[in-house]
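Structure file query-v7.cif; described as mmCIF, C-alpha atoms.
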data_run
#
loop_
_atom_site.label_atom_id
_atom_site.label_comp_id
_atom_site.auth_asym_id
_atom_site.auth_seq_id
_atom_site.Cartn_x
_atom_site.Cartn_y
_atom_site.Cartn_z
CA MET X 30 55.23 161.98 49.00
CA ILE X 31 56.31 158.43 48.26
CA ALA X 32 57.71 156.11 50.91
CA LYS X 33 59.87 153.07 50.26
CA ILE X 34 60.32 150.60 53.13
CA GLY X 35 63.15 148.10 53.00
CA HIS X 36 63.84 145.29 55.46
CA GLY X 37 67.40 144.01 55.48
CA ILE X 38 70.05 142.00 57.26
CA ASN X 39 73.08 144.28 57.24
CA MET X 40 72.84 147.24 59.64
CA THR X 41 76.45 148.24 58.96
CA GLY X 42 75.67 148.34 55.24
CA ALA X 43 72.61 150.56 55.73
CA LEU X 44 74.55 153.01 57.89
CA SER X 45 77.59 152.95 55.58
CA TYR X 46 75.47 153.70 52.52
CA ASN X 47 74.03 156.82 54.13
CA GLN X 48 77.24 157.92 55.84
CA LEU X 49 79.01 157.74 52.48
CA LYS X 50 76.59 160.39 51.19
CA VAL X 51 77.55 162.57 54.17
CA ASP X 52 81.27 162.02 53.61
CA LYS X 53 80.92 163.01 49.95
CA GLU X 54 78.98 166.15 50.98
CA ASN X 55 75.84 164.83 49.30
CA GLY X 56 74.00 164.45 52.56
CA GLU X 57 73.85 165.16 56.27
CA ILE X 58 72.43 163.75 59.47
CA LEU X 59 69.39 165.87 60.26
CA THR X 60 68.41 164.30 63.56
CA THR X 61 68.65 161.17 65.68
CA HIS X 62 66.36 159.45 68.16
CA ARG X 63 67.54 157.24 71.03
CA ILE X 64 71.07 157.35 69.58
CA ILE X 65 74.12 157.69 71.84
CA GLU X 66 75.34 161.28 71.59
CA THR X 67 78.93 162.30 70.89
CA PRO X 68 80.78 165.26 72.43
CA ASP X 69 81.18 167.12 69.14
CA GLY X 70 77.89 166.04 67.57
CA SER X 71 79.58 164.15 64.75
CA PHE X 72 79.02 160.45 64.07
CA SER X 73 80.73 157.50 62.45
CA VAL X 74 79.24 154.21 61.35
CA ALA X 75 80.79 152.45 64.35
CA GLN X 76 79.36 155.00 66.78
CA LEU X 77 75.88 154.78 65.29
CA LEU X 78 75.99 151.00 65.26
CA ARG X 79 76.53 150.89 69.04
CA SER X 80 73.02 152.26 69.61
CA PHE X 81 71.41 149.49 67.56
CA GLN X 82 73.44 146.52 68.81
CA PRO X 83 71.43 145.90 72.04
CA TYR X 84 68.23 145.69 69.97
CA LEU X 85 69.76 143.40 67.36
CA MET X 86 71.29 141.13 70.02
CA ALA X 87 67.98 140.84 71.87
CA ASN X 88 66.38 138.99 68.96
CA LYS X 89 68.39 136.57 66.84
CA ARG X 90 65.34 134.96 65.25
CA THR X 91 64.06 137.86 63.17
CA GLU X 92 65.33 137.28 59.65
CA LYS X 93 65.48 140.97 58.65
CA PRO X 94 65.81 143.26 61.68
CA VAL X 95 67.14 146.28 59.77
CA LEU X 96 64.65 148.95 58.73
CA HIS X 97 65.64 151.31 55.91
CA ILE X 98 63.01 153.85 54.85
CA SER X 99 63.17 156.60 52.25
CA LEU X 100 60.63 159.43 52.18
CA ASN X 101 60.47 161.24 48.86
CA PRO X 102 58.49 164.49 48.53
CA ASP X 103 57.60 165.76 45.07
CA PRO X 104 60.48 167.64 43.38
CA GLY X 105 58.26 170.73 43.45
CA ASP X 106 57.95 170.67 47.24
CA LYS X 107 60.11 173.07 49.20
CA VAL X 108 60.74 171.25 52.48
CA THR X 109 62.89 172.82 55.18
CA ASP X 110 65.20 170.79 57.40
CA GLU X 111 62.90 171.42 60.36
CA ASN X 112 59.96 170.11 58.38
CA PHE X 113 61.94 167.05 57.31
CA LYS X 114 62.73 166.32 60.98
CA GLN X 115 59.08 166.61 61.96
CA ILE X 116 57.90 164.57 58.96
CA ALA X 117 60.32 161.79 59.92
CA LYS X 118 59.07 161.80 63.53
CA ASP X 119 55.41 161.83 62.51
CA TYR X 120 55.92 159.04 60.01
CA MET X 121 57.77 156.80 62.48
CA ASP X 122 55.07 157.43 65.11
CA ARG X 123 52.29 156.53 62.69
CA MET X 124 54.09 153.35 61.59
CA GLY X 125 54.65 152.14 65.15
CA TYR X 126 58.41 152.81 65.23
CA GLY X 127 58.29 156.02 67.28
CA ASP X 128 60.07 154.51 70.31
CA GLN X 129 62.82 152.91 68.26
CA PRO X 130 66.36 154.24 67.81
CA TYR X 131 66.72 155.82 64.39
CA VAL X 132 68.89 158.17 62.35
CA VAL X 133 67.49 160.59 59.77
CA PHE X 134 69.78 161.33 56.81
CA LYS X 135 69.04 163.99 54.20
CA HIS X 136 70.27 163.19 50.67
CA THR X 137 71.00 165.96 48.17
CA ASP X 138 72.80 163.97 45.46
CA ILE X 139 69.81 164.24 43.10
CA GLU X 140 67.40 167.10 42.34
CA ARG X 141 64.75 165.36 44.43
CA THR X 142 65.90 166.12 48.00
CA HIS X 143 64.70 163.34 50.27
CA ILE X 144 65.40 161.65 53.58
CA HIS X 145 66.44 158.16 54.61
CA ILE X 146 65.64 156.73 58.03
CA VAL X 147 67.72 153.84 59.39
CA SER X 148 66.20 151.93 62.28
CA THR X 149 65.34 148.44 63.48
CA CYS X 150 62.02 146.60 63.69
CA VAL X 151 63.07 144.76 66.87
CA ASP X 152 62.19 146.57 70.11
CA ARG X 153 64.28 146.82 73.26
CA TYR X 154 62.75 143.62 74.65
CA GLY X 155 63.68 141.59 71.58
CA LYS X 156 60.15 141.51 70.17
CA LYS X 157 59.55 142.15 66.50
CA ILE X 158 57.27 145.11 65.86
CA PRO X 159 54.27 143.96 63.75
CA ASP X 160 54.40 144.99 60.09
CA THR X 161 50.96 143.76 59.02
CA PHE X 162 49.57 145.78 56.08
CA GLU X 163 52.71 147.90 56.29
CA LYS X 164 52.49 149.15 52.71
CA LEU X 165 48.87 150.24 53.06
CA ARG X 166 49.53 151.91 56.41
CA SER X 167 52.52 153.69 54.88
CA MET X 168 50.37 155.03 52.04
CA ASP X 169 47.82 156.29 54.57
CA ALA X 170 50.58 157.95 56.57
CA CYS X 171 51.95 159.68 53.45
CA ARG X 172 48.52 161.01 52.49
CA ALA X 173 48.01 162.39 56.01
CA LEU X 174 51.49 164.00 56.06
CA GLU X 175 50.91 165.55 52.63
CA GLN X 176 47.90 167.37 54.04
CA LYS X 177 49.57 168.32 57.31
CA TYR X 178 52.68 169.79 55.66
CA ASN X 179 50.99 171.05 52.49
CA LEU X 180 52.95 168.73 50.20
CA ILE X 181 52.08 167.92 46.61
CA PRO X 182 50.04 164.68 46.65
CA ALA X 183 51.66 161.66 45.03
CA THR X 184 49.73 160.27 42.09
CA GLU X 185 48.49 156.79 42.94
CA LYS X 186 47.37 154.37 40.25
CA GLN X 187 43.88 153.25 41.17
CA ARG X 188 41.97 150.36 39.66
CA THR X 189 39.03 151.48 37.53
CA GLY X 190 37.21 148.16 37.48
CA ASN X 191 37.70 147.81 33.73
CA GLU X 192 41.35 146.83 33.81
CA GLN X 193 42.61 143.58 32.40
CA ILE X 194 43.45 140.92 34.98
CA PHE X 195 46.85 139.57 34.01
CA ARG X 196 47.69 135.94 34.63
CA PRO X 197 50.86 133.99 33.82
CA VAL X 198 50.67 131.61 30.88
CA ASP X 199 50.35 127.94 31.78
CA TYR X 200 51.67 126.03 28.80
CA LYS X 201 50.12 122.80 30.11
CA ALA X 202 46.59 124.23 30.26
CA GLY X 203 46.08 124.49 26.50
CA ASP X 204 44.84 127.34 24.32
CA ILE X 205 48.23 129.01 24.67
CA LYS X 206 47.42 131.55 21.96
CA SER X 207 44.52 133.00 23.98
CA GLN X 208 46.60 133.04 27.15
CA ILE X 209 49.42 134.97 25.49
CA ALA X 210 46.93 137.31 23.80
CA SER X 211 45.34 138.24 27.14
CA VAL X 212 48.74 139.58 28.23
CA VAL X 213 50.43 141.11 25.19
CA ARG X 214 47.33 142.97 23.98
CA HIS X 215 47.10 144.95 27.20
CA LEU X 216 50.65 145.45 28.53
CA PRO X 217 51.23 148.69 26.54
CA THR X 218 48.31 150.27 28.39
CA TYR X 219 49.86 149.73 31.81
CA TYR X 220 53.66 149.51 31.46
CA GLN X 221 56.44 151.56 29.85
CA TYR X 222 59.51 149.90 28.33
CA THR X 223 62.16 151.31 26.00
CA THR X 224 63.80 148.25 24.44
CA LEU X 225 62.96 144.72 23.37
CA GLY X 226 65.09 143.48 26.26
CA ALA X 227 63.02 145.47 28.76
CA TYR X 228 59.81 144.25 27.10
CA ASN X 229 61.05 140.66 27.36
CA ALA X 230 61.94 141.14 31.01
CA LEU X 231 58.34 142.12 31.68
CA LEU X 232 56.96 139.31 29.52
CA SER X 233 59.04 136.78 31.45
CA LEU X 234 56.91 137.49 34.53
CA PHE X 235 54.02 136.02 32.55
CA ASN X 236 55.99 133.03 31.21
CA ILE X 237 56.27 134.58 27.72
CA THR X 238 59.17 135.61 25.52
CA ALA X 239 59.20 137.64 22.29
CA GLU X 240 61.74 136.98 19.55
CA GLU X 241 62.67 139.13 16.58
CA VAL X 242 62.82 137.19 13.30
CA LYS X 243 64.38 138.28 10.03
CA GLY X 244 64.53 136.61 6.67
CA GLU X 245 63.43 136.72 3.05
CA LEU X 246 60.22 135.76 1.28
CA HIS X 247 60.19 135.75 -2.52
CA GLY X 248 63.39 137.76 -2.44
CA GLN X 249 61.92 140.45 -0.20
CA PRO X 250 63.34 141.11 3.30
CA LYS X 251 60.89 140.31 6.08
CA GLN X 252 60.97 141.29 9.72
CA GLY X 253 58.61 140.29 12.47
CA ILE X 254 58.05 139.24 16.07
CA VAL X 255 57.04 135.81 17.29
CA TYR X 256 55.97 134.87 20.81
CA PHE X 257 56.57 131.69 22.80
CA ALA X 258 55.24 130.35 26.09
CA LEU X 259 57.93 129.47 28.65
CA ASN X 260 58.11 126.64 31.15
CA GLU X 261 59.24 126.84 34.79
CA GLN X 262 62.90 126.87 33.76
CA GLY X 263 62.41 129.77 31.34
CA GLU X 264 62.69 127.51 28.28
CA LYS X 265 60.44 127.68 25.22
CA ALA X 266 57.46 125.39 25.75
CA SER X 267 55.26 126.10 22.73
CA ASN X 268 55.26 126.61 19.00
CA PRO X 269 55.88 130.20 17.84
CA PHE X 270 52.93 132.56 17.48
CA LYS X 271 53.16 135.36 14.95
CA ALA X 272 52.64 138.86 16.43
CA SER X 273 49.82 139.65 13.98
CA ARG X 274 47.67 137.04 15.72
CA PHE X 275 47.61 139.26 18.82
CA GLY X 276 46.78 142.59 17.21
CA LYS X 277 48.79 145.47 15.82
CA ASP X 278 50.24 146.51 19.21
CA ALA X 279 52.22 143.26 19.43
CA GLY X 280 54.15 143.72 16.18
CA PRO X 281 57.59 145.27 15.49
CA LYS X 282 56.33 148.62 14.20
CA ALA X 283 54.03 149.22 17.18
CA LEU X 284 56.71 148.09 19.61
CA GLN X 285 59.23 150.55 18.17
CA GLU X 286 56.67 153.34 18.57
CA GLN X 287 56.06 152.26 22.17
CA PHE X 288 59.80 152.22 22.85
CA LEU X 289 60.26 155.77 21.54
CA ALA X 290 57.24 157.15 23.41
CA ALA X 291 58.32 155.50 26.67
CA LYS X 292 61.91 156.71 26.27
CA GLU X 293 60.71 160.30 26.00
CA LYS X 294 58.29 160.01 28.91
CA MET X 295 60.71 158.19 31.21
CA LYS X 296 63.36 160.91 30.82
CA THR X 297 61.48 163.05 33.34
CA ASP X 298 59.77 160.30 35.33
CA PRO X 299 60.32 160.98 39.06
CA ALA X 300 60.16 157.23 39.64
CA ARG X 301 63.68 156.93 38.25
CA ALA X 302 65.36 158.67 41.18
CA ILE X 303 63.30 156.79 43.76
CA LEU X 304 64.01 153.46 42.09
CA LYS X 305 67.74 154.21 41.93
CA ASN X 306 67.85 155.06 45.64
CA THR X 307 65.86 151.96 46.56
CA ILE X 308 68.16 149.66 44.59
CA GLU X 309 71.31 151.25 45.99
CA ALA X 310 70.04 150.86 49.54
CA ALA X 311 69.20 147.19 48.94
CA MET X 312 72.70 146.60 47.57
CA HIS X 313 74.16 147.69 50.90
CA THR X 314 71.71 145.94 53.23
CA ALA X 315 71.32 142.61 51.39
CA ALA X 316 73.49 139.59 52.08
CA GLY X 317 73.63 138.44 48.46
CA GLU X 318 71.67 138.05 45.24
CA THR X 319 68.74 136.12 46.72
CA ASP X 320 68.28 138.55 49.61
CA PHE X 321 68.65 141.52 47.25
CA LYS X 322 65.85 140.26 45.00
CA LYS X 323 63.64 139.51 47.96
CA GLN X 324 64.12 142.97 49.45
CA LEU X 325 63.18 144.64 46.18
CA VAL X 326 60.14 142.49 45.49
CA GLU X 327 58.85 143.44 48.94
CA GLN X 328 58.93 147.01 47.63
CA GLY X 329 57.17 146.15 44.37
CA ILE X 330 60.26 145.70 42.20
CA ASN X 331 61.21 142.58 40.26
CA THR X 332 64.78 141.92 39.13
CA VAL X 333 65.61 140.06 35.91
CA VAL X 334 69.18 138.80 35.64
CA ARG X 335 70.64 137.53 32.37
CA ARG X 336 73.71 135.31 32.45
CA THR X 337 76.06 133.72 29.96
CA GLU X 338 76.46 129.94 29.91
CA GLU X 339 79.52 130.42 32.11
CA GLY X 340 77.39 132.22 34.71
CA ARG X 341 78.62 135.78 34.17
CA ILE X 342 75.94 138.47 34.44
CA TYR X 343 75.65 140.43 31.20
CA GLY X 344 72.31 142.14 31.77
CA ILE X 345 70.10 143.26 34.65
CA THR X 346 66.63 144.82 34.42
CA PHE X 347 64.36 146.24 37.11
CA ILE X 348 60.55 146.17 36.84
CA ASP X 349 58.94 148.77 39.10
CA HIS X 350 55.28 147.79 39.47
CA GLU X 351 54.39 150.94 41.39
CA SER X 352 55.37 153.32 38.60
CA ARG X 353 54.92 150.54 36.01
CA THR X 354 58.22 151.31 34.34
CA ILE X 355 61.01 148.93 33.28
CA TRP X 356 64.65 150.03 33.49
CA ASN X 357 67.97 148.50 32.53
CA GLY X 358 70.43 148.89 35.39
CA SER X 359 72.96 150.91 33.38
CA ALA X 360 70.18 153.29 32.27
CA LEU X 361 69.46 154.11 35.91
CA ASP X 362 73.09 154.68 36.84
CA LYS X 363 76.53 153.42 35.86
CA ASN X 364 76.88 152.01 39.38
CA LEU X 365 73.88 149.73 38.71
CA SER X 366 75.28 148.05 35.60
CA ALA X 367 75.48 144.30 35.08
CA ASN X 368 79.25 144.28 35.70
CA VAL X 369 78.82 145.95 39.08
CA PHE X 370 76.33 143.33 40.24
CA ASN X 371 78.40 140.50 38.80
CA ASP X 372 81.42 141.58 40.86
CA LEU X 373 79.36 142.39 43.98
CA TRP X 374 77.52 139.07 44.16
CA LYS X 375 80.61 137.10 43.26
CA GLU X 376 82.45 138.74 46.16
CA GLN X 377 79.53 138.21 48.56
CA ALA X 378 79.22 134.55 47.55
CA ALA X 379 82.94 134.05 48.22
CA GLU X 380 82.56 135.67 51.66
CA GLN X 381 79.60 133.41 52.46
CA ARG X 382 81.61 130.32 51.48
CA GLN X 383 84.52 131.50 53.62
CA ASP X 384 82.24 132.13 56.62
CA ALA X 385 80.65 128.72 56.18
CA ASP X 386 84.05 127.03 56.05
CA HIS X 387 85.08 128.74 59.26
CA ALA X 388 81.84 127.78 61.00
CA SER X 389 81.83 124.11 60.09
CA ILE X 390 82.95 121.94 57.25
CA ASN X 391 79.47 120.37 57.24
CA THR X 392 77.50 123.63 57.21
CA PRO X 393 75.38 123.87 54.04
CA LEU X 394 76.25 126.89 51.91
CA PRO X 395 73.72 129.61 51.07
CA THR X 396 72.35 129.25 47.56
CA THR X 397 70.52 131.47 45.15
CA GLY X 398 68.72 128.71 43.28
CA ARG X 399 65.21 127.43 43.89
CA ASN X 400 63.44 124.30 42.89
CA VAL X 401 60.47 124.19 40.54
CA GLU X 402 57.88 123.81 43.30
CA GLU X 403 59.16 126.93 45.08
CA ALA X 404 59.01 128.87 41.81
CA LYS X 405 55.41 127.76 41.23
CA GLU X 406 54.31 128.77 44.72
CA GLU X 407 55.99 132.16 44.50
CA THR X 408 54.48 132.77 41.06
CA HIS X 409 50.96 132.23 42.40
CA GLU X 410 51.63 134.54 45.36
CA PHE X 411 52.92 137.25 43.04
CA PHE X 412 49.93 137.26 40.72
CA ASP X 413 47.34 136.86 43.48
CA PHE X 414 48.69 140.04 45.05
CA LEU X 415 49.17 141.80 41.72
CA ASN X 416 45.49 141.35 40.84
CA LYS X 417 44.26 142.50 44.25
CA GLU X 418 46.18 145.70 44.84
CA PRO X 419 47.39 147.71 41.84
CA SER X 420 49.65 150.07 43.77
CA THR X 421 50.97 147.79 46.51
CA TYR X 422 52.91 145.07 44.80
CA ALA X 423 54.71 143.60 47.82
CA THR X 424 55.08 139.82 47.65
CA ASP X 425 57.25 136.97 48.81
CA ASN X 426 58.19 136.13 45.25
CA PHE X 427 61.88 136.91 45.01
CA GLY X 428 63.03 134.64 42.23
CA LEU X 429 60.16 134.37 39.80
CA ILE X 430 62.44 135.33 36.94
CA ASP X 431 65.78 134.23 38.31
CA GLY X 432 68.52 134.27 35.70
CA LEU X 433 66.71 133.46 32.47
CA GLY X 434 69.75 132.76 30.33
CA GLY X 435 67.62 132.38 27.19
CA LEU X 436 65.62 135.54 27.74
CA LEU X 437 66.79 137.10 24.49
CA PRO X 438 67.11 134.30 21.94
CA GLU X 439 68.97 134.65 18.66
CA ALA X 440 66.81 135.56 15.66
CA GLN X 441 65.77 132.48 13.73
CA GLY X 442 65.66 134.22 10.35
CA GLU X 443 62.28 132.87 9.39
CA ASP X 444 58.65 133.95 9.51
CA TYR X 445 57.03 130.69 10.58
CA GLU X 446 53.47 131.18 9.36
CA GLU X 447 54.41 132.77 6.05
CA GLN X 448 57.03 130.11 5.44
CA ALA X 449 54.45 127.41 6.15
CA PHE X 450 52.17 129.03 3.53
CA VAL X 451 55.00 129.03 0.99
CA ASN X 452 55.67 125.36 1.67
CA ARG X 453 52.00 124.52 1.11
CA MET X 454 52.00 126.38 -2.20
CA LYS X 455 55.12 124.50 -3.33
CA LYS X 456 53.42 121.20 -2.56
CA LYS X 457 50.37 122.20 -4.61
CA LYS X 458 52.57 123.11 -7.61
CA LYS X 459 54.35 119.75 -7.39
CA GLN X 460 51.01 117.94 -7.27
CA LYS X 461 49.78 119.84 -10.36
CA ARG X 462 52.98 118.96 -12.27
CA ARG X 463 52.55 115.31 -11.40
CA GLY X 464 48.89 115.43 -12.48
CA GLY X 465 49.89 117.01 -15.81
CA GLN X 466 52.57 114.39 -16.48
CA GLN X 467 50.05 111.61 -16.06
#
Let me see the structure of the file written as structure tokens.
Amino acid sequence: MIAKIGHGINMTGALSYNQLKVDKENGEILTTHRIIETPDGSFSVAQLLRSFQPYLMANKRTEKPVLHISLNPDPGDKVTDENFKQIAKDYMDRMGYGDQPYVVFKHTDIERTHIHIVSTCVDRYGKKIPDTFEKLRSMDACRALEQKYNLIPATEKQRTGNEQIFRPVDYKAGDIKSQIASVVRHLPTYYQYTTLGAYNALLSLFNITAEEVKGELHGQPKQGIVYFALNEQGEKASNPFKASRFGKDAGPKALQEQFLAAKEKMKTDPARAILKNTIEAAMHTAAGETDFKKQLVEQGINTVVRRTEEGRIYGITFIDHESRTIWNGSALDKNLSANVFNDLWKEQAAEQRQDADHASINTPLPTTGRNVEEAKEETHEFFDFLNKEPSTYATDNFGLIDGLGGLLPEAQGEDYEEQAFVNRMKKKKKQKRRGGQQ
């Protein structure tokens, strides 16, 4: 069983997301705890919200008081409703939320039947319930519940001791070639990606971009890949490095083979359904793009957004470090496409501006941008955690790869190293002609 824990701002959004599944007959409320009962046993979002409001009002300082948890048994598990109810209770007790109000929803919209639990991490006295080592405690709880309810154990990726320690490229530190090599030579061993765009989204976490180049040499068509180091703004900060300098796995032929193999494997990857649910839940509980990214990175998922010069989102990619798979939004679901997020965040930004105008003309507006120093700090936090715990990639880095407009550069139509060799040969021929004329 795999658990995903999300902390959000919008309780109405969390309840609405789950209630919508019920309304569309893709879900049901299995059980409630410390929730005001209704005469006929049916609930609406407004009715459910009433039970949480005293808790939320008791503590205005907690940034993310909403708790949204999904528990995902293996598709091969046959879990009854009664077992789901007991699993939810046991899990909440083990995590320290047993005395909190919560609602347990069962979702049946995908083949992997699972439950969502909506609650709050603020207790009745207005005190935030500690969430120290929450991810590790959650993994322990899942392992214990798997044994108790005879569930198929989730496969956890454990560090063997021989794995490569990835570090982001620092273009100012020198020896950029070796830095890039230490990343690109080993990524295929640990991550699955199906397109060059997905590969570049992953590379951007390490301050690298790959660019396809096409051209001619001596009348023969040539195709290759070159790599660049990136600076803090996501701009090229080095000369190009030919893929062959990093081994055969970094070149176009090997990449195409990796894409095809990953595409086949990811068709049946159970991580897809879990990732889709996690992203959808964050869409409803987040207050905007920045909060959305932060919520996901706390659950081990990075978001890469690609924008046009005018600011319109034309691509969005999700990097799930737990399953080590990279997905384009539209490949997960049509409701997770770039256009959907462009419209959603545009609408949310407009609402935030309107709220700010109503509050005070001098109130600073929420922003999604970050300065360079913040990006540096978050980058270090991300990789420190990444290298310590291979299956618990929760960090505070929510904008490491925020809107890299130049993530997929246009092909330059030239193989740099081979062209340099041709130029040298031309110079030698000219020198020989001059020598012969003398």
To test your reading of the syntax: which residues would the PyMOL selection byres ((chain X and resi 98-102) around 9) return for the file shown? Reply as a PyMOL selection string.
chain X and resi 30-36+96-97+103-108+116-117+141-148+171+175+180-183+303+306-307
Could you tell me how far CA of Gly37 (chain X) lies from CA of Glu318 (chain X), in Å and to one decimal?
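These two atoms are separated by 12.6 Å.
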When you look at Gln285 (chain X) with a cut-off of 10 Å (counting only C-alpha atoms), what residues show up, excluding the ones that are within fewer than 6 positions of it in the same chain? I need them as a list in words.
Thr223, Thr224, Leu225, Asp278 and Ala291 of chain X
Apply the PyMOL selection byres ((chain X and resi 124) around 12) to the structure shown and report the selected residues as a count of residues only.
31
CA of Asn357 (chain X) to CA of Ala300 (chain X): how many Å, to one decimal?
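The value is 13.7 Å.
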Measure the distance from CA of Lys305 (chain X) to CA of Arg79 (chain X) in Å and round it to one decimal.
28.7 Å
Translate the PyMOL selection byres ((chain X and resi 258-267) around 6) into a concrete residue list for this structure, as an MDAnalysis selection string.
chainID X and resid 236:237 257 268 433
Hey, what's within 9 Å of Arg153 (chain X) if we count all atoms listed in the file and toss same-chain stuff fewer than 3 positions away? As a list of chain:residue names, please?
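In the requested form, the answer reads X:Pro83, X:Tyr84, X:Leu85, X:Ala87, X:Gln129, X:Lys156.
Among the candidates X:Tyr178, X:Ala385, X:Ile355, X:Val151, the one nearest to Leu232 (chain X) when counting only C-alpha atoms is X:Ile355.
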For the interface of region 303-322 of chain X with region 49-53 of chain X (cut-off 12 Å, counting all atoms listed in the file), please tabulate each contacting residue of region 303-322 of chain X alongside its nearest pair of atoms and their separation in Å to one decimal, rows sorted by chain and increasing number, as a Markdown table.
| residue | atom | partner | partner_atom | distance |
| --- | --- | --- | --- | --- |
| X:Asn306 | CA | X:Lys50 | CA | 11.6 |
| X:Glu309 | CA | X:Lys50 | CA | 11.8 |
| X:Ala310 | CA | X:Leu49 | CA | 11.7 |
| X:His313 | CA | X:Leu49 | CA | 11.3 |
Could you take the residues named above and write them with C-alpha atoms, as a JSON list (two decimals), in the frame of the given file?
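File part_17.json, as written:
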[["chain", "number", "residue", "atom", "x", "y", "z"],
["X", 306, "ASN", "CA", 67.85, 155.06, 45.64],
["X", 309, "GLU", "CA", 71.31, 151.25, 45.99],
["X", 310, "ALA", "CA", 70.04, 150.86, 49.54],
["X", 313, "HIS", "CA", 74.16, 147.69, 50.90]]
Select, from X:Arg172, X:Asp152, X:Trp356, X:Phe370, the residue with the minimum atom-to-atom distance to Lys322 (chain X), counting only C-alpha atoms.
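Nearest candidate to Lys322 (chain X) out of X:Arg172, X:Asp152, X:Trp356, X:Phe370: X:Phe370.
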